[in-house]
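Engineer: Take a look at target29.txt, compact mmCIF, C-alpha atoms:
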# COMPACT_ATOMS: atom_id res chain seq x y z
CA MET I 1 26.92 -43.60 52.57
CA PHE I 2 28.23 -45.90 49.82
CA LYS I 3 26.70 -49.27 49.23
CA GLN I 4 28.88 -52.34 48.97
CA GLN I 5 28.40 -52.53 45.19
CA GLN I 6 29.66 -48.98 44.83
CA TYR I 7 32.75 -49.75 46.90
CA ILE I 8 33.46 -52.76 44.71
CA ALA I 9 33.02 -50.74 41.51
CA LEU I 10 35.25 -47.96 42.77
CA GLY I 11 37.95 -50.45 43.77
CA ALA I 12 37.73 -52.40 40.52
CA VAL I 13 38.01 -49.32 38.30
CA THR I 14 40.88 -47.89 40.32
CA LEU I 15 42.67 -51.23 40.22
CA ALA I 16 42.17 -51.56 36.44
CA THR I 17 43.54 -48.05 35.91
CA LEU I 18 46.53 -48.67 38.15
CA ILE I 19 47.31 -51.91 36.32
CA LEU I 20 47.15 -50.14 32.95
CA PHE I 21 49.32 -47.27 34.19
CA SER I 22 51.94 -49.61 35.63
CA LEU I 23 52.33 -51.71 32.49
CA PRO I 24 55.76 -51.51 30.85
CA ARG I 25 55.89 -49.15 27.88
CA ASP I 26 56.16 -51.93 25.29
CA ALA I 27 53.36 -53.99 26.80
CA SER I 28 51.14 -50.92 27.03
CA ALA I 29 51.80 -50.04 23.38
CA ARG I 30 51.06 -53.60 22.27
CA LEU I 31 47.86 -53.74 24.32
CA LYS I 32 46.81 -50.40 22.86
CA LEU I 33 47.33 -51.62 19.33
CA ALA I 34 45.46 -54.84 20.10
CA ILE I 35 42.47 -52.95 21.51
CA GLY I 36 42.53 -50.57 18.55
CA GLY I 37 42.49 -53.61 16.25
CA LEU I 38 38.86 -54.16 17.27
CA PHE I 39 37.95 -51.21 15.07
CA LEU I 40 39.59 -52.61 11.92
CA PRO I 41 36.40 -54.06 10.38
CA LEU I 42 34.64 -50.74 10.84
CA PHE I 43 37.50 -48.88 9.15
CA GLY I 44 36.99 -51.03 6.06
CA LEU I 45 33.29 -50.20 6.05
CA ALA I 46 33.97 -46.51 6.56
CA GLY I 47 36.52 -46.50 3.74
CA ALA I 48 34.04 -48.14 1.39
CA ALA I 49 31.34 -45.66 2.42
CA GLN I 50 33.66 -42.72 1.81
CA GLN I 51 34.49 -44.00 -1.67
CA LEU I 52 30.84 -44.36 -2.67
CA PRO I 53 30.25 -40.67 -3.50
CA ALA I 54 33.47 -40.56 -5.52
CA ALA I 55 32.47 -43.70 -7.39
CA ALA I 56 29.03 -42.24 -8.07
CA ALA I 57 30.60 -39.02 -9.33
CA ASP I 58 32.93 -41.01 -11.61
CA ALA I 59 29.97 -42.87 -13.06
CA LEU I 60 28.23 -39.59 -13.87
CA LEU I 61 31.28 -37.94 -15.46
CA PRO I 62 30.68 -37.34 -19.21
CA ARG I 63 32.84 -39.23 -21.71
CA ARG I 64 34.11 -35.99 -23.26
CA GLU I 65 35.45 -34.84 -19.90
CA LEU I 66 37.17 -38.20 -19.36
CA LEU I 67 38.83 -37.99 -22.77
CA ARG I 68 40.01 -34.45 -22.00
CA GLN I 69 41.49 -35.60 -18.70
CA ILE I 70 43.23 -38.55 -20.40
CA GLN I 71 44.75 -36.19 -22.94
CA ALA I 72 45.97 -33.83 -20.20
CA LEU I 73 47.44 -36.72 -18.23
CA ARG I 74 49.24 -38.04 -21.33
CA ARG I 75 50.88 -34.64 -21.87
CA GLU I 76 51.84 -34.40 -18.19
CA ASN I 77 53.21 -37.95 -18.31
CA GLU I 78 55.40 -37.11 -21.30
CA GLN I 79 56.77 -34.02 -19.55
CA LEU I 80 57.46 -36.03 -16.40
CA GLU I 81 59.22 -38.76 -18.41
CA ILE I 82 61.55 -36.16 -19.92
CA GLN I 83 62.18 -34.68 -16.47
CA ALA I 84 62.81 -38.17 -15.06
CA GLN I 85 65.38 -38.84 -17.81
CA GLN I 86 67.12 -35.55 -16.94
CA ALA I 87 67.01 -36.44 -13.23
CA ALA I 88 68.43 -39.90 -13.95
CA ALA I 89 71.30 -38.32 -15.91
CA VAL I 90 71.98 -35.91 -13.03
CA ALA I 91 71.85 -38.82 -10.56
CA ARG I 92 74.34 -40.82 -12.64
CA GLU I 93 76.66 -37.83 -12.78
CA ASN I 94 76.22 -37.31 -9.03
CA ASP I 95 77.03 -40.96 -8.33
CA ARG I 96 80.15 -40.77 -10.55
CA LEU I 97 81.38 -37.59 -8.82
CA ARG I 98 80.68 -39.03 -5.36
CA ALA I 99 82.61 -42.16 -6.34
CA GLU I 100 85.56 -40.04 -7.54
CA LEU I 101 85.55 -38.14 -4.23
CA GLY I 102 85.23 -41.37 -2.30
CA TRP I 103 81.86 -40.41 -0.78
CA GLN I 104 79.17 -42.93 0.08
CA LYS I 105 76.67 -43.59 -2.69
CA ARG I 106 73.18 -42.22 -2.08
CA ALA I 107 70.48 -44.88 -1.83
CA PRO I 108 67.33 -44.07 -3.82
CA TRP I 109 64.14 -43.51 -1.83
CA ARG I 110 61.48 -46.19 -1.74
CA MET I 111 57.94 -45.12 -1.01
CA LYS I 112 54.64 -46.81 -0.22
CA LEU I 113 51.22 -45.25 -0.59
CA ALA I 114 48.96 -45.34 2.46
CA HIS I 115 45.42 -44.21 3.13
CA VAL I 116 44.54 -42.20 6.21
CA VAL I 117 41.82 -44.19 7.98
CA MET I 118 41.22 -42.12 11.09
CA ARG I 119 42.27 -39.14 13.16
CA ASP I 120 43.05 -38.80 16.82
CA PRO I 121 39.74 -38.41 18.69
CA ALA I 122 41.46 -36.31 21.39
CA ASN I 123 41.84 -32.61 20.72
CA TRP I 124 45.25 -32.33 22.40
CA TRP I 125 47.19 -34.63 20.03
CA ARG I 126 47.68 -34.52 16.26
CA THR I 127 47.98 -38.04 15.00
CA VAL I 128 46.39 -40.10 12.25
CA GLN I 129 46.24 -43.81 11.57
CA ILE I 130 47.20 -45.23 8.19
CA ASP I 131 46.38 -48.58 6.64
CA LEU I 132 49.95 -49.87 6.40
CA GLY I 133 51.56 -51.88 9.17
CA SER I 134 54.38 -54.23 10.02
CA ARG I 135 53.14 -56.66 7.34
CA ASP I 136 54.08 -53.94 4.81
CA GLY I 137 57.53 -53.47 6.29
CA LEU I 138 56.74 -50.33 8.28
CA ARG I 139 58.76 -49.53 11.36
CA GLU I 140 58.88 -46.62 13.79
CA ASN I 141 60.32 -43.22 12.80
CA LEU I 142 59.82 -43.57 9.06
CA PRO I 143 59.04 -40.18 7.47
CA VAL I 144 55.56 -39.66 6.04
CA LEU I 145 54.94 -37.11 3.30
CA THR I 146 52.70 -35.95 0.49
CA PRO I 147 53.76 -34.47 -2.85
CA GLN I 148 53.41 -31.05 -1.17
CA GLY I 149 55.82 -31.80 1.66
CA LEU I 150 56.50 -33.46 5.00
CA VAL I 151 53.55 -34.67 7.04
CA GLY I 152 55.12 -36.38 10.05
CA ARG I 153 56.64 -39.66 11.16
CA VAL I 154 55.48 -43.17 12.01
CA ALA I 155 55.09 -43.36 15.79
CA SER I 156 53.86 -46.91 16.39
CA VAL I 157 53.21 -49.87 14.15
CA ALA I 158 50.62 -52.65 14.40
CA TYR I 159 50.21 -55.56 12.01
CA ALA I 160 47.88 -53.80 9.57
CA ARG I 161 47.96 -50.16 10.59
CA ALA I 162 50.28 -47.54 12.00
CA GLN I 163 49.98 -44.33 13.96
CA VAL I 164 51.56 -41.24 12.40
CA GLU I 165 52.49 -38.22 14.49
CA LEU I 166 51.78 -35.14 12.38
CA LEU I 167 53.80 -31.95 12.30
CA GLY I 168 52.31 -29.83 15.05
CA ASP I 169 51.97 -32.72 17.50
CA PRO I 170 53.94 -32.06 20.70
CA HIS I 171 55.90 -35.30 20.15
CA CYS I 172 56.91 -34.48 16.56
CA ARG I 173 60.00 -32.27 16.29
CA VAL I 174 61.89 -31.78 13.07
CA SER I 175 65.29 -30.26 12.43
CA ALA I 176 64.78 -27.71 9.65
CA ARG I 177 66.77 -25.39 7.42
CA VAL I 178 65.61 -22.08 5.99
CA ASN I 179 66.21 -21.56 2.29
CA ASP I 180 67.90 -18.17 2.77
CA PRO I 181 71.48 -17.09 2.04
CA ALA I 182 72.53 -17.80 5.64
CA HIS I 183 70.95 -21.30 5.62
CA ASP I 184 69.58 -20.71 9.13
CA MET I 185 68.72 -23.83 11.07
CA GLY I 186 66.02 -24.42 13.67
CA ILE I 187 63.59 -26.93 15.13
CA VAL I 188 59.98 -27.21 13.98
CA VAL I 189 57.74 -27.70 17.02
CA ALA I 190 53.99 -27.57 17.71
CA GLY I 191 52.09 -24.34 17.11
CA GLY I 192 48.69 -23.59 18.63
CA PRO I 193 45.90 -26.09 19.25
CA LEU I 194 43.37 -24.55 16.86
CA ASP I 195 45.07 -23.96 13.50
CA ASN I 196 46.68 -27.17 12.30
CA SER I 197 48.29 -25.47 9.29
CA LEU I 198 50.70 -23.44 11.45
CA VAL I 199 53.75 -24.69 13.35
CA THR I 200 56.60 -22.87 15.05
CA LEU I 201 60.21 -22.81 13.89
CA THR I 202 62.25 -22.17 17.00
CA TYR I 203 65.88 -22.05 18.16
CA VAL I 204 66.90 -20.14 15.02
CA SER I 205 70.02 -18.08 15.77
CA GLY I 206 69.43 -14.65 17.31
CA GLY I 207 70.56 -12.52 14.40
CA ALA I 208 68.65 -14.43 11.76
CA ASP I 209 66.62 -12.31 9.35
CA LEU I 210 63.72 -14.54 8.35
CA LYS I 211 61.45 -13.06 5.73
CA PRO I 212 57.83 -14.04 5.06
CA GLY I 213 57.58 -16.48 2.18
CA GLU I 214 60.98 -18.10 2.68
CA GLU I 215 60.90 -21.86 2.28
CA ILE I 216 61.67 -24.31 5.09
CA PHE I 217 63.13 -27.74 4.35
CA THR I 218 64.23 -30.67 6.49
CA SER I 219 67.89 -30.31 7.35
CA GLY I 220 68.71 -34.02 7.47
CA LEU I 221 70.10 -33.69 11.00
CA GLY I 222 68.75 -36.04 13.60
CA GLY I 223 68.74 -39.11 11.40
CA VAL I 224 64.96 -39.45 10.99
CA TYR I 225 64.12 -37.20 8.03
CA PRO I 226 66.28 -37.02 4.90
CA ALA I 227 67.41 -33.54 3.92
CA GLY I 228 65.50 -31.43 1.44
CA ILE I 229 61.87 -32.37 2.10
CA PRO I 230 59.70 -29.21 1.96
CA ILE I 231 57.99 -28.30 5.24
CA GLY I 232 56.38 -24.92 4.63
CA LEU I 233 56.80 -21.17 4.27
CA VAL I 234 57.73 -18.54 6.86
CA VAL I 235 54.73 -16.40 7.86
CA ASP I 236 56.43 -14.05 10.31
CA SER I 237 59.25 -14.07 12.83
CA ARG I 238 60.16 -12.43 16.14
CA PRO I 239 63.10 -12.46 18.53
CA VAL I 240 62.46 -14.29 21.80
CA GLU I 241 64.25 -14.59 25.14
CA PHE I 242 65.66 -11.04 24.79
CA GLY I 243 66.99 -11.76 21.30
CA LEU I 244 68.78 -14.96 22.31
CA TYR I 245 67.12 -16.76 19.43
CA THR I 246 64.44 -16.20 16.80
CA GLU I 247 61.07 -17.89 16.42
CA ALA I 248 58.98 -17.97 13.27
CA ARG I 249 55.49 -19.10 12.45
CA VAL I 250 55.53 -21.49 9.51
CA LYS I 251 52.58 -22.33 7.27
CA LEU I 252 52.81 -26.00 6.42
CA SER I 253 52.91 -26.94 2.73
CA PRO I 254 50.58 -29.98 2.97
CA ASN I 255 47.04 -29.47 4.17
CA LEU I 256 47.00 -31.65 7.28
CA GLY I 257 43.28 -31.16 7.78
CA ALA I 258 42.43 -32.83 4.47
CA LEU I 259 44.88 -35.72 4.38
CA ARG I 260 43.58 -38.76 2.51
CA ASP I 261 46.61 -40.44 0.94
CA VAL I 262 50.18 -40.17 2.19
CA TRP I 263 53.51 -41.69 1.19
CA VAL I 264 55.67 -43.53 3.70
CA LEU I 265 59.31 -43.03 2.86
CA PHE I 266 61.89 -45.77 3.26
CA PRO I 267 65.16 -43.77 3.09
CA MET N 1 16.56 -56.03 30.56
CA ASN N 2 19.69 -54.94 32.43
CA LEU N 3 21.98 -57.04 30.27
CA PHE N 4 20.33 -55.69 27.12
CA ASN N 5 20.75 -52.15 28.44
CA SER N 6 24.43 -52.75 29.24
CA ILE N 7 25.11 -54.24 25.83
CA LEU N 8 23.34 -51.35 24.16
CA ILE N 9 25.38 -48.81 26.12
CA LEU N 10 28.68 -50.53 25.33
CA ALA N 11 27.75 -50.81 21.66
CA GLY N 12 26.92 -47.11 21.74
CA ALA N 13 30.33 -46.36 23.25
CA PHE N 14 32.09 -48.42 20.57
CA LEU N 15 30.29 -46.59 17.79
CA ALA N 16 30.81 -43.21 19.49
CA VAL N 17 34.59 -43.71 19.70
CA PHE N 18 34.71 -44.94 16.12
CA GLY N 19 32.62 -41.98 14.95
CA GLU N 20 34.87 -39.50 16.73
CA ALA N 21 37.90 -41.00 15.03
CA VAL N 22 36.45 -41.16 11.53
CA PHE N 23 34.09 -38.21 11.16
CA SER N 24 36.02 -34.99 11.54
CA LEU N 25 33.44 -32.45 10.40
CA PRO N 26 33.21 -30.77 13.84
CA ARG N 27 37.00 -30.48 13.77
CA HIS N 28 36.88 -28.77 10.37
CA TRP N 29 34.00 -26.46 11.19
CA LEU N 30 34.54 -25.72 14.88
CA GLY N 31 38.19 -26.54 15.45
CA ALA N 32 37.46 -29.28 17.98
CA GLN N 33 36.12 -32.81 18.06
CA VAL N 34 33.11 -33.41 20.31
CA ASP N 35 33.50 -36.27 22.79
CA LEU N 36 30.33 -38.34 23.19
CA LEU N 37 31.55 -40.64 25.96
CA PRO N 38 30.78 -38.25 28.87
CA ALA N 39 27.23 -37.81 27.58
CA LEU N 40 26.89 -41.58 27.30
CA THR N 41 28.24 -41.95 30.82
CA VAL N 42 25.52 -39.58 32.07
CA TYR N 43 22.90 -41.75 30.38
CA ALA N 44 24.41 -44.91 31.87
CA ALA N 45 24.65 -43.38 35.35
CA LEU N 46 20.96 -42.42 35.27
CA ASN N 47 19.57 -45.55 33.67
CA ALA N 48 21.86 -48.47 34.46
CA ASP N 49 23.54 -50.10 37.45
CA ILE N 50 26.96 -49.20 38.83
CA ALA N 51 28.56 -52.23 37.14
CA THR N 52 27.54 -50.89 33.72
CA VAL N 53 28.85 -47.42 34.57
CA SER N 54 32.19 -48.94 35.62
CA LEU N 55 32.33 -51.15 32.55
CA LEU N 56 31.58 -48.20 30.31
CA ALA N 57 34.35 -46.15 31.91
CA VAL N 58 36.93 -48.95 31.62
CA VAL N 59 35.99 -50.23 28.17
CA GLY N 60 35.02 -46.91 26.61
CA GLY N 61 38.08 -45.17 28.03
CA SER N 62 40.36 -47.93 26.76
CA TRP N 63 38.80 -47.80 23.30
CA PHE N 64 39.23 -44.04 23.20
CA ASP N 65 42.86 -44.22 24.33
CA SER N 66 43.65 -47.03 21.89
CA LEU N 67 42.80 -44.79 18.93
CA SER N 68 44.46 -41.76 20.42
CA ALA N 69 47.99 -40.81 21.44
CA ASN N 70 46.81 -40.80 25.07
CA PRO N 71 48.59 -43.23 27.39
CA LEU N 72 46.37 -46.29 27.78
CA GLY N 73 43.95 -45.91 30.70
CA VAL N 74 44.13 -42.15 31.14
CA SER N 75 40.50 -41.61 30.07
CA ILE N 76 39.09 -44.24 32.44
CA LEU N 77 39.18 -42.36 35.75
CA PRO N 78 37.65 -39.09 34.44
CA LEU N 79 34.74 -40.99 32.88
CA PHE N 80 34.23 -43.04 36.01
CA ALA N 81 34.40 -39.96 38.24
CA VAL N 82 31.69 -38.29 36.19
CA GLY N 83 29.55 -41.41 36.07
CA PHE N 84 30.00 -42.19 39.77
CA LEU N 85 29.04 -38.69 40.83
CA VAL N 86 25.87 -38.71 38.75
CA PHE N 87 25.01 -42.26 39.85
CA PHE N 88 25.49 -41.33 43.50
CA ARG N 89 23.00 -38.46 43.23
CA ARG N 90 20.65 -39.90 40.66
CA ASP N 91 17.70 -40.16 43.03
CA LEU N 92 17.67 -36.37 43.22
CA ILE N 93 17.87 -35.81 39.45
CA LEU N 94 14.85 -35.37 37.21
CA ARG N 95 16.24 -37.64 34.56
CA ASP N 96 13.33 -37.28 32.14
CA MET N 97 13.61 -33.50 31.92
CA PRO N 98 15.56 -32.36 28.84
CA PHE N 99 16.91 -29.38 30.78
CA ALA N 100 18.41 -31.66 33.42
CA GLN N 101 19.91 -33.83 30.69
CA ILE N 102 21.46 -30.81 28.97
CA VAL N 103 22.94 -29.45 32.20
CA LEU N 104 24.33 -32.83 33.21
CA GLY N 105 25.71 -33.44 29.71
CA ALA N 106 27.41 -30.04 29.69
CA ALA N 107 28.89 -30.55 33.15
CA ALA N 108 30.14 -34.04 32.32
CA SER N 109 31.58 -32.98 28.96
CA ALA N 110 33.34 -30.06 30.62
CA ALA N 111 34.72 -32.07 33.52
CA ALA N 112 35.96 -35.18 31.69
CA PRO N 113 38.48 -33.49 29.35
CA LEU N 114 39.70 -31.26 32.17
CA LEU N 115 40.39 -34.26 34.38
CA THR N 116 42.04 -36.11 31.49
CA VAL N 117 44.37 -33.20 30.73
CA LEU N 118 45.13 -32.90 34.43
CA LEU N 119 46.07 -36.59 34.55
CA LEU N 120 48.21 -36.19 31.42
CA LEU N 121 50.08 -33.23 32.90
CA THR N 122 50.50 -35.10 36.18
CA GLY N 123 51.97 -38.03 34.26
CA GLY N 124 54.59 -35.81 32.64
CA GLN N 125 52.94 -35.68 29.21
CA GLN N 126 52.87 -32.47 27.18
CA PRO N 127 49.52 -32.25 25.41
CA LEU N 128 48.90 -29.53 22.84
CA LEU N 129 47.48 -26.70 24.95
CA GLY N 130 47.09 -22.96 24.45
CA TRP N 131 44.50 -20.25 24.42
CA GLY N 132 42.74 -22.09 21.61
CA SER N 133 42.16 -24.97 24.03
CA LEU N 134 39.58 -22.81 25.81
CA TRP N 135 37.56 -22.64 22.61
CA GLN N 136 37.94 -26.38 22.14
CA TRP N 137 36.75 -26.93 25.70
CA LEU N 138 33.69 -24.75 25.10
CA VAL N 139 32.91 -26.66 21.90
CA MET N 140 33.24 -29.98 23.73
CA THR N 141 31.00 -28.73 26.55
CA ALA N 142 28.34 -27.40 24.18
CA GLY N 143 28.58 -30.51 22.00
CA GLY N 144 28.12 -32.75 25.03
CA ALA N 145 25.16 -30.67 26.21
CA VAL N 146 23.44 -31.02 22.85
CA ALA N 147 24.32 -34.69 22.49
CA THR N 148 22.98 -35.82 25.88
CA PRO N 149 19.22 -35.42 25.20
CA VAL N 150 19.80 -36.90 21.75
CA ILE N 151 21.46 -39.94 23.33
CA PHE N 152 18.59 -40.26 25.82
CA GLY N 153 16.06 -40.12 22.98
CA LEU N 154 18.03 -42.57 20.86
CA PHE N 155 18.40 -45.12 23.64
CA ASP N 156 14.75 -44.80 24.64
CA TRP N 157 13.80 -45.43 21.04
CA CYS N 158 16.12 -48.46 20.92
CA HIS N 159 14.50 -49.83 24.07
CA HIS N 160 11.05 -49.42 22.57
CA ALA N 161 12.11 -50.93 19.25
CA LEU N 162 14.34 -53.77 20.41
CA GLY N 163 13.75 -54.32 24.11
CA TYR N 164 11.24 -56.44 25.94
CA GLN N 165 8.10 -54.48 26.69
CA ARG N 166 6.13 -55.48 29.73
CA ARG N 167 2.53 -56.17 28.77
CA SER N 168 0.29 -53.56 30.29
CA GLU N 169 -2.43 -55.00 32.52
CA THR N 170 -5.95 -53.84 32.04
CA THR N 171 -8.09 -52.79 34.95
CA PHE N 172 -10.88 -55.06 33.80
CA ARG N 173 -11.45 -58.08 36.01
CA PRO N 174 -14.26 -60.50 35.04
CA ASP N 175 -14.94 -61.50 38.66
CA ARG N 176 -15.69 -57.88 39.52
CA GLU N 177 -17.94 -57.24 36.57
CA ILE N 178 -21.27 -55.76 37.57
CA LEU N 179 -23.96 -57.59 35.72
CA ARG N 180 -27.12 -55.66 35.29
CA GLY N 181 -30.53 -57.12 34.75
CA ARG N 182 -31.60 -60.67 35.25
CA LYS N 183 -30.12 -63.75 33.68
Before anything else, please render the file you have as structure tokens.

Structural biologist:
Amino acid sequence: MFKQQQYIALGAVTLATLILFSLPRDASARLKLAIGGLFLPLFGLAGAAQQLPAAAADALLPRRELLRQIQALRRENEQLEIQAQQAAAVARENDRLRAELGWQKRAPWRMKLAHVVMRDPANWWRTVQIDLGSRDGLRENLPVLTPQGLVGRVASVAYARAQVELLGDPHCRVSARVNDPAHDMGIVVAGGPLDNSLVTLTYVSGGADLKPGEEIFTSGLGGVYPAGIPIGLVVDSRPVEFGLYTEARVKLSPNLGALRDVWVLFP
Amino acid sequence: MNLFNSILILAGAFLAVFGEAVFSLPRHWLGAQVDLLPALTVYAALNADIATVSLLAVVGGSWFDSLSANPLGVSILPLFAVGFLVFFRRDLILRDMPFAQIVLGAAASAAAPLLTVLLLLTGGQQPLLGWGSLWQWLVMTAGGAVATPVIFGLFDWCHHALGYQRRSETTFRPDREILRGRK
């Protein structure tokens, strides 16, 4: 029935798969990153190609429009400087009060900008790759966010790139707090496979009264995400498991489908 | 010719995986990314030897898994299963008929993700599944069906443009020429 060549091919492929499956977790992750490194030159080309239309649009922008934008940015910059001075004064006061109470001083956040270079080609995971790696000081479990809110966490790190698990990926779970009078707590887990702007807030206490539009923030529990990073807004909620706990659908604040630049947070 | 064909197929797989990772328009418009590797495997199974089919499954699957959150190697067996099945029955398949290509592409693109998810679940992984996955599966199947004849056309064009073309022999033979009249 089978020819000898077909037997050999079948055996070779099965053997290769078994070897890959039986590799230790670390070795498998390193091999994966090494194989993925083959695509690095193409990512550079793709990035340059994606920037071409933007560069062309910039070249065509009239001078009057540029001057108007500069003026607007100057005004915004002045407002932000004043707000930063106020925030610095509040931080100094906070540090002084914490010192008087004998509490540990809060370390300021450091952040690094990263560009999203690709998305997961499989439909059953939600990950992206960014162009920062171990050479930039990245390590696993660092939070990733945009100015709108939390995006996910660094899952694995290669020399020049890293994989980020987005909110909504089955591996990415975040301890969250609802901004309501009861300060209800829950866990943000994956929602459905189609709409990447919705996740589920689960394990909220049974009697919780979550209202649409209430804000969800990171709780700071778990040690991965600092407290107070916005996650999204409650869409609706329902009791589950005969009222044992409450589940809510949450609309994420950042648009995960249009991510281009993200910030990696070094808490 | 065979080596050129194999290199062309592997280069196609490399670009297909890269394209799936970078261009996410189908994901925005249809809610799912189309996988081109099963369609490419159908082409390889109908036009190349079993070594190329195996190489495509191992290399293409590894490339795909390296850019994904899949465990490394999980895409290899589904691709090989699809390719092996088509290769085994390729004498019975009208490979030049677009309808046959579409049907095979749809079947391969439907089977490969199902087998991959099955392997993931068997391995204790928890991929993102739900009722929406059915829609994604349909999109992948339809995308694969449409892509297969395109891949056949593209590779045929590449062979014509870049490959060695055997010189066609004319039927004219000087020793059989009938000379009329007298010399």

Engineer: Give me the residues near Phe14 of chain N as a ChimeraX atom specification, where near means some atom within 12 Å (using only C-alpha atoms) and where sequence neighbours in that chain fewer than 6 positions away do not count.

Structural biologist: /I:35-36,38-39,42 /N:7-8,20-21,36-37,40,56-57,59-64,66-67

Engineer: Chain I residues within 9 Å of chain N, counting all atoms listed in the file: which ones, as number ranges by chain?

Structural biologist: I: 2, 5-6, 9-10, 12-14, 16-21, 28-29, 31-39, 42-43, 46, 117-129, 163, 165, 168-171, 190-195, 257

Engineer: Separation of atom CA of Pro254 of chain I and atom CA of Thr146 of chain I, in Å?

Structural biologist: 6.8 Å

Engineer: Have a look at atom CA of Gly105 of chain N and atom CA of Val42 of chain N and let me know their distance in Å, one decimal.

Structural biologist: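 Distance reported for this atom pair: 6.6 Å.
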
Engineer: Quote the spacing between atom CA of Ala13 of chain N and atom CA of Ala107 of chain N in Å to one decimal place.

Structural biologist: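 If I compute the distance from atom CA of Ala13 of chain N to atom CA of Ala107 of chain N, I get 18.7 Å.
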
Engineer: Around (27.1, -40.1, 32.2) in the file's own coordinates, what residues are found within 7 Å if you use all atoms listed in the file, given back as a list in words?

Structural biologist: Pro38, Ala39, Leu40, Thr41, Val42, Tyr43, Ala44, Ala45, Val82, Gly83, Val86 and Ala108 of chain N

Engineer: Would you write out those residues with C-alpha atoms, as a PDB file, keeping the file's coordinate frame?

Structural biologist:
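Dumped everything to selection.pdb:
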ATOM      1  CA  PRO N  38      30.780 -38.250  28.870  1.00  0.00           C
ATOM      2  CA  ALA N  39      27.230 -37.810  27.580  1.00  0.00           C
ATOM      3  CA  LEU N  40      26.890 -41.580  27.300  1.00  0.00           C
ATOM      4  CA  THR N  41      28.240 -41.950  30.820  1.00  0.00           C
ATOM      5  CA  VAL N  42      25.520 -39.580  32.070  1.00  0.00           C
ATOM      6  CA  TYR N  43      22.900 -41.750  30.380  1.00  0.00           C
ATOM      7  CA  ALA N  44      24.410 -44.910  31.870  1.00  0.00           C
ATOM      8  CA  ALA N  45      24.650 -43.380  35.350  1.00  0.00           C
ATOM      9  CA  VAL N  82      31.690 -38.290  36.190  1.00  0.00           C
ATOM     10  CA  GLY N  83      29.550 -41.410  36.070  1.00  0.00           C
ATOM     11  CA  VAL N  86      25.870 -38.710  38.750  1.00  0.00           C
ATOM     12  CA  ALA N 108      30.140 -34.040  32.320  1.00  0.00           C
TER      13      ALA N 108
END

Engineer: Set the distance at 9 Å and use all atoms listed in the file: which residues neighbour segment 156-172 of chain N once local chain neighbours fewer than 2 positions away are removed? I'd like the list as a VMD selection string.

Structural biologist: chain N and resid 1 4 to 5 8 151 to 154 174 176 to 177

Engineer: Give me the residues within 9 Å of Ile102 of chain N as a CSV table (one decimal) with C-alpha atoms, keeping the file's coordinate frame, counting all atoms listed in the file and dropping any in the same chain fewer than 2 places off.

Structural biologist:
chain,number,residue,atom,x,y,z
N,97,MET,CA,13.6,-33.5,31.9
N,98,PRO,CA,15.6,-32.4,28.8
N,99,PHE,CA,16.9,-29.4,30.8
N,100,ALA,CA,18.4,-31.7,33.4
N,104,LEU,CA,24.3,-32.8,33.2
N,105,GLY,CA,25.7,-33.4,29.7
N,106,ALA,CA,27.4,-30.0,29.7
N,107,ALA,CA,28.9,-30.6,33.2
N,144,GLY,CA,28.1,-32.8,25.0
N,145,ALA,CA,25.2,-30.7,26.2
N,146,VAL,CA,23.4,-31.0,22.8
N,147,ALA,CA,24.3,-34.7,22.5
N,148,THR,CA,23.0,-35.8,25.9
N,149,PRO,CA,19.2,-35.4,25.2

Engineer: Which one of N:Ala111, N:Val139, N:Gly12, N:Gly124 sits closest to Leu85 of chain N if you count all atoms listed in the file?

Structural biologist: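 Going through N:Ala111, N:Val139, N:Gly12, N:Gly124 one by one, the smallest distance to Leu85 of chain N is for N:Ala111.
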
Engineer: Could you check the closest approach to Ala91 of chain I for each of I:Arg177, I:Lys105, I:Arg135, I:His115 and tell me which residue wins, using all atoms listed in the file?

Structural biologist: I:Lys105

Engineer: Rank nothing, just name the residue among N:Ala48, N:Val103, N:Leu25, N:Ile178 nearest to Leu3 of chain N, using only C-alpha atoms.

Structural biologist: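 For Leu3 of chain N, the nearest of the candidates is N:Ala48.
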
Engineer: Got a sec: who's within 7 Å of Asn179 of chain I, counting all atoms listed in the file, leaving out chain neighbours fewer than 3 positions off, as a ChimeraX atom specification?

Structural biologist: /I:183,214-216

Engineer: Given all atoms listed in the file as the basis, pick out the residue of N:Asn2, N:Thr122, N:Pro26, N:Val150 nearest to Gln101 of chain N.

Structural biologist: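 Answer, going by the shortest atom-to-atom distance: N:Val150.
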
Engineer: Would you pick out the contacts of Asp131 of chain I at 8 Å or less, using all atoms listed in the file, so that residues sharing its chain but fewer than 3 positions from it are not included, and give the list as a ChimeraX atom specification?

Structural biologist: /I:114-117,160-162

Engineer: For the point (55.8, -37.1, 3.0) in the file's frame, write as a list in words all residues with an atom no more than 7 Å away, counting all atoms listed in the file.

Structural biologist: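 Using all atoms listed in the file, the matching residues come out as Pro143, Val144, Leu145, Thr146, Pro147, Gly149, Leu150, Val151, Val262, Trp263, Val264 and Leu265 of chain I.
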